[in-house]
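Okay, run10.txt now, which holds compact mmCIF, C-alpha atoms:
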# COMPACT_ATOMS: atom_id res chain seq x y z
CA MET A 1 -76.16 77.37 54.81
CA SER A 2 -72.91 78.88 56.06
CA SER A 3 -70.48 80.86 53.94
CA LEU A 4 -67.99 78.01 54.36
CA GLU A 5 -70.27 75.63 52.49
CA PRO A 6 -70.65 76.75 48.87
CA TYR A 7 -73.65 74.48 48.23
CA SER A 8 -75.94 72.19 50.15
CA SER A 9 -76.26 68.42 50.20
CA ASP A 10 -79.64 68.88 48.47
CA ASP A 11 -77.84 70.61 45.58
CA VAL A 12 -75.51 67.63 45.29
CA LYS A 13 -78.42 65.14 45.36
CA ARG A 14 -80.20 66.99 42.55
CA ARG A 15 -77.01 67.12 40.47
CA LYS A 16 -76.30 63.39 41.01
CA LYS A 17 -79.55 62.58 39.24
CA ARG A 18 -78.31 64.47 36.16
CA HIS A 19 -74.74 63.14 36.08
CA ASN A 20 -73.29 59.69 35.62
CA PHE A 21 -70.57 58.52 37.99
CA ASP A 22 -69.96 55.11 36.36
CA PHE A 23 -66.30 56.07 36.23
CA LEU A 24 -66.07 55.25 39.95
CA SER A 25 -67.28 51.70 39.25
CA LYS A 26 -64.49 51.29 36.70
CA ILE A 27 -61.99 52.34 39.36
CA SER A 28 -63.43 49.90 41.91
CA ILE A 29 -63.05 46.90 39.59
CA SER A 30 -59.60 47.91 38.30
CA GLU A 31 -57.86 46.11 41.20
CA SER A 32 -59.24 43.21 43.22
CA GLY A 33 -58.21 44.67 46.60
CA ILE A 34 -60.20 47.90 46.28
CA LYS A 35 -63.20 47.78 48.63
CA LYS A 36 -64.69 51.24 48.31
CA VAL A 37 -64.26 54.36 46.16
CA ILE A 38 -65.48 57.72 47.46
CA LEU A 39 -65.48 61.05 45.64
CA VAL A 40 -65.73 64.11 47.90
CA ASP A 41 -65.37 67.82 47.45
CA ARG A 42 -62.77 69.86 49.33
CA THR A 43 -65.27 70.67 52.11
CA GLY A 44 -65.78 66.95 52.80
CA LEU A 45 -69.22 66.59 51.21
CA THR A 46 -69.64 63.18 49.56
CA ILE A 47 -70.51 63.49 45.89
CA ALA A 48 -70.55 59.81 44.92
CA SER A 49 -69.35 56.44 46.18
CA VAL A 50 -69.12 52.85 45.00
CA SER A 51 -68.61 49.72 47.06
CA LYS A 52 -67.48 46.44 45.62
CA PHE A 53 -68.87 44.52 48.58
CA SER A 54 -72.29 45.24 50.04
CA TYR A 55 -71.25 43.69 53.35
CA PHE A 56 -68.32 46.10 53.82
CA PRO A 57 -69.57 48.37 56.62
CA ALA A 58 -68.53 51.98 56.24
CA ASP A 59 -69.85 55.43 57.06
CA VAL A 60 -69.20 56.82 53.60
CA ASP A 61 -69.98 60.43 54.52
CA GLY A 62 -67.77 60.30 57.62
CA ILE A 63 -64.88 58.60 55.85
CA GLY A 64 -65.11 61.02 52.93
CA ALA A 65 -65.16 64.06 55.21
CA ILE A 66 -62.14 62.86 57.19
CA ALA A 67 -60.22 61.89 54.04
CA SER A 68 -60.87 65.33 52.56
CA ALA A 69 -59.78 67.07 55.77
CA VAL A 70 -56.60 64.99 56.04
CA PHE A 71 -55.79 65.58 52.37
CA CYS A 72 -56.38 69.34 52.59
CA ALA A 73 -54.36 69.62 55.83
CA SER A 74 -51.47 67.68 54.30
CA GLU A 75 -51.67 69.83 51.19
CA GLU A 76 -51.44 73.00 53.30
CA GLN A 77 -48.50 71.55 55.23
CA GLY A 78 -46.67 70.86 51.97
CA LYS A 79 -47.35 74.39 50.73
CA ASN A 80 -45.98 75.86 53.96
CA LEU A 81 -42.81 73.81 53.53
CA GLU A 82 -42.64 74.60 49.80
CA LEU A 83 -42.63 70.91 48.87
CA GLY A 84 -44.77 71.30 45.74
CA ASP A 85 -48.14 69.80 44.90
CA LEU A 86 -49.51 66.97 47.02
CA GLU A 87 -50.11 63.84 44.99
CA ILE A 88 -51.37 61.09 47.30
CA VAL A 89 -51.97 60.63 51.02
CA THR A 90 -51.69 57.03 52.20
CA SER A 91 -52.87 55.75 55.58
CA GLU A 92 -51.81 52.20 56.37
CA PHE A 93 -53.60 50.13 59.00
CA SER A 94 -53.30 46.48 59.97
CA GLY A 95 -56.67 45.76 58.33
CA GLY A 96 -56.30 47.85 55.18
CA LYS A 97 -55.21 51.06 53.54
CA ILE A 98 -56.85 54.39 52.72
CA PHE A 99 -55.59 56.44 49.78
CA ALA A 100 -56.62 60.02 48.98
CA SER A 101 -55.69 61.87 45.81
CA SER A 102 -56.54 65.23 44.26
CA CYS A 103 -59.11 65.57 41.49
CA GLY A 104 -58.20 69.15 40.74
CA PRO A 105 -59.02 72.10 42.96
CA LYS A 106 -62.55 70.88 43.75
CA GLY A 107 -62.30 67.21 44.68
CA VAL A 108 -60.58 64.38 46.49
CA LEU A 109 -60.77 60.74 45.41
CA THR A 110 -60.57 58.24 48.26
CA LEU A 111 -59.94 54.49 47.93
CA ILE A 112 -60.27 51.95 50.74
CA SER A 113 -58.41 48.71 50.15
CA ASP A 114 -57.15 45.42 51.54
CA PRO A 115 -53.85 45.59 53.45
CA ASP A 116 -51.89 43.65 50.82
CA ILE A 117 -52.88 45.72 47.80
CA ASN A 118 -50.32 46.62 45.14
CA ILE A 119 -49.50 50.22 46.12
CA GLY A 120 -47.78 50.97 42.81
CA LEU A 121 -50.90 49.98 40.88
CA ILE A 122 -53.10 52.08 43.18
CA ARG A 123 -50.84 55.10 42.64
CA LEU A 124 -51.16 54.60 38.88
CA ILE A 125 -54.96 54.26 39.11
CA LEU A 126 -55.22 57.43 41.21
CA LYS A 127 -52.98 59.45 38.88
CA CYS A 128 -54.81 58.30 35.75
CA SER A 129 -58.24 58.86 37.31
CA GLY A 130 -57.51 62.34 38.66
CA ASP A 131 -57.65 64.19 35.35
CA GLU A 132 -60.84 62.51 34.18
CA LEU A 133 -62.54 63.06 37.53
CA LYS A 134 -61.43 66.70 37.50
CA GLU A 135 -63.34 67.17 34.24
CA ILE A 136 -66.39 65.35 35.62
CA LEU A 137 -66.32 67.47 38.79
CA ASP A 138 -65.87 70.70 36.84
CA GLU A 139 -69.01 69.88 34.87
CA PHE A 140 -70.89 68.59 37.93
CA LEU A 141 -70.15 71.68 40.00
CA SER A 142 -70.16 74.17 37.09
CA ASP A 143 -73.28 76.13 37.93
CA ILE A 144 -72.75 76.25 41.68
CA PRO A 145 -71.67 79.73 42.79
CA GLU A 146 -68.15 79.95 44.19
CA THR A 147 -69.28 82.25 47.00
CA LEU A 148 -72.63 83.03 48.43
CA ASP A 149 -73.71 86.57 49.19
CA SER A 150 -76.52 86.79 51.71
CA GLY A 151 -77.16 90.40 50.73
CA LEU A 152 -76.66 91.56 54.29
CA ASP A 153 -74.66 94.70 54.96
CA LEU A 154 -72.15 93.65 57.62
CA SER A 155 -69.90 96.71 57.32
CA ASP A 156 -71.08 98.15 60.65
CA LEU A 157 -69.88 95.09 62.57
CA ASP A 158 -66.23 96.18 62.51

Represent the structure of the file as structure tokens.
Amino acid sequence: MSSLEPYSSDDVKRRKKRHNFDFLSKISISESGIKKVILVDRTGLTIASVSKFSYFPADVDGIGAIASAVFCASEEQGKNLELGDLEIVTSEFSGGKIFASSCGPKGVLTLISDPDINIGLIRLILKCSGDELKEILDEFLSDIPETLDSGLDLSDLD
């Protein structure tokens, strides 16, 4: 495990068994045009996902990782330009939309939708869900160390 990854996918799998992510299902049924809901951490690791349609093909881990990277890059860009906190990143395609929103400092909530979805309603859903998901993530990731120390003395590498 690298120092860039604060925990492994096995850690996440074990924690999923102890936590309930039914909240994502509530988000998925809150608007008819939502196809998929993905919760990822800031490193791009998928924590949980829900799909309204079993036939909707999607690489959840890949989509989550890209959405997290795009969100974090946009957030950094906004910080550099002193534009304030990033709220939502929206990607619009001819076949649908992808929305990514912050769930506090640890997570990103991603929604995949139909192209004609009500964007105002999605923004409201993302804003209302962010605080609750932040609390869920804080509990879910509470006993994971922020940094890993391998115990190796690397001072002579300078």

- Of the candidates A:Gly33, A:Gly120, A:Gly44, A:Pro105, which shows the shortest atom-to-atom distance to Gly64 (chain A), using all atoms listed in the file?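 Looking at the shortest contact to Gly64 (chain A), the residue is A:Gly44.
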
- Item | Point-to-point distance from CA of Arg123 (chain A) to CA of Ile63 (chain A), Å rounded to tenths |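 Interatomic distance, CA of Arg123 (chain A) to CA of Ile63 (chain A): 19.6 Å.
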
- Closest to Phe99 (chain A) among A:Glu135, A:Asp85, A:Asp41, A:Asp114, using only C-alpha atoms? A:Asp114

- Item | Given only C-alpha atoms as the counted atoms, nearest of A:Ser51, A:Lys26, A:Ile38, A:Asp61 to Leu111 (chain A) |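 Checking each candidate against Leu111 (chain A), we get A:Ile38 as the closest.
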
- Task: Tell me which of A:Gly107, A:Ile112, A:Ala73, A:Val37 sits closest to Ser91 (chain A), counting only C-alpha atoms.
- Result: A:Ile112

- Task: Mind listing whatever residues come within 12 Å of the point (-50.7, 43.8, 50.2)? Use only C-alpha atoms, file coordinates, and give them as a list of chain:residue names.
- Result: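 Here is the list of nearby residues: A:Glu31, A:Ser32, A:Gly33, A:Ile34, A:Glu92, A:Phe93, A:Ser94, A:Gly95, A:Gly96, A:Lys97, A:Ser113, A:Asp114, A:Pro115, A:Asp116, A:Ile117, A:Asn118, A:Ile119, A:Gly120, A:Leu121, A:Ile122.
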
- Residue neighbourhood Asp22 (chain A), 12 Å, all atoms listed in the file, exclusion window fewer than 5 positions, as JSON, numbers by chain: {"A": [16, 27, 28, 29, 37, 39, 48, 49, 50, 132, 133, 136]}

- Which distance in Å separates CA of Gly104 (chain A) and CA of Asp131 (chain A), to one decimal?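 Going from CA of Gly104 (chain A) over to CA of Asp131 (chain A) covers 7.3 Å.
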
- Item | Between CA of Ser68 (chain A) and CA of Leu124 (chain A), distance in Å (one decimal) | 19.9 Å

- Message: Let me make sure I understand: among A:Val70, A:Val60, A:Val108, A:Cys128, which one has the smallest atom-to-atom distance to Lys35 (chain A) if we use all atoms listed in the file?
- Response: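 Looking only at the distances to Lys35 (chain A), the closest residue turns out to be A:Val60.
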
- Task: Please provide the set of residues having any atom within 9 Å of Ser74 (chain A), restricted to all atoms listed in the file, with same-chain residues fewer than 4 positions apart removed, written as a PyMOL selection string.
- Result: chain A and resi 69-70+78-79+86+89

- Point out the residue among A:Leu126, A:Ala58, A:Lys106, A:Ser30 with the least atom-to-atom distance to Glu139 (chain A), counting all atoms listed in the file.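 So, comparing all the options, the nearest one is A:Lys106.
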
Let me know the centre plus edge lengths, in Å and rounded to one decimal, of a box with edges along x, y and z that contains all listed atoms of region 108-122 of chain A and is padded by 8 Å on every side, as JSON.
{"center_x": -54.3, "center_y": 54.0, "center_z": 47.2, "size_x": 29.0, "size_y": 36.7, "size_z": 28.6}
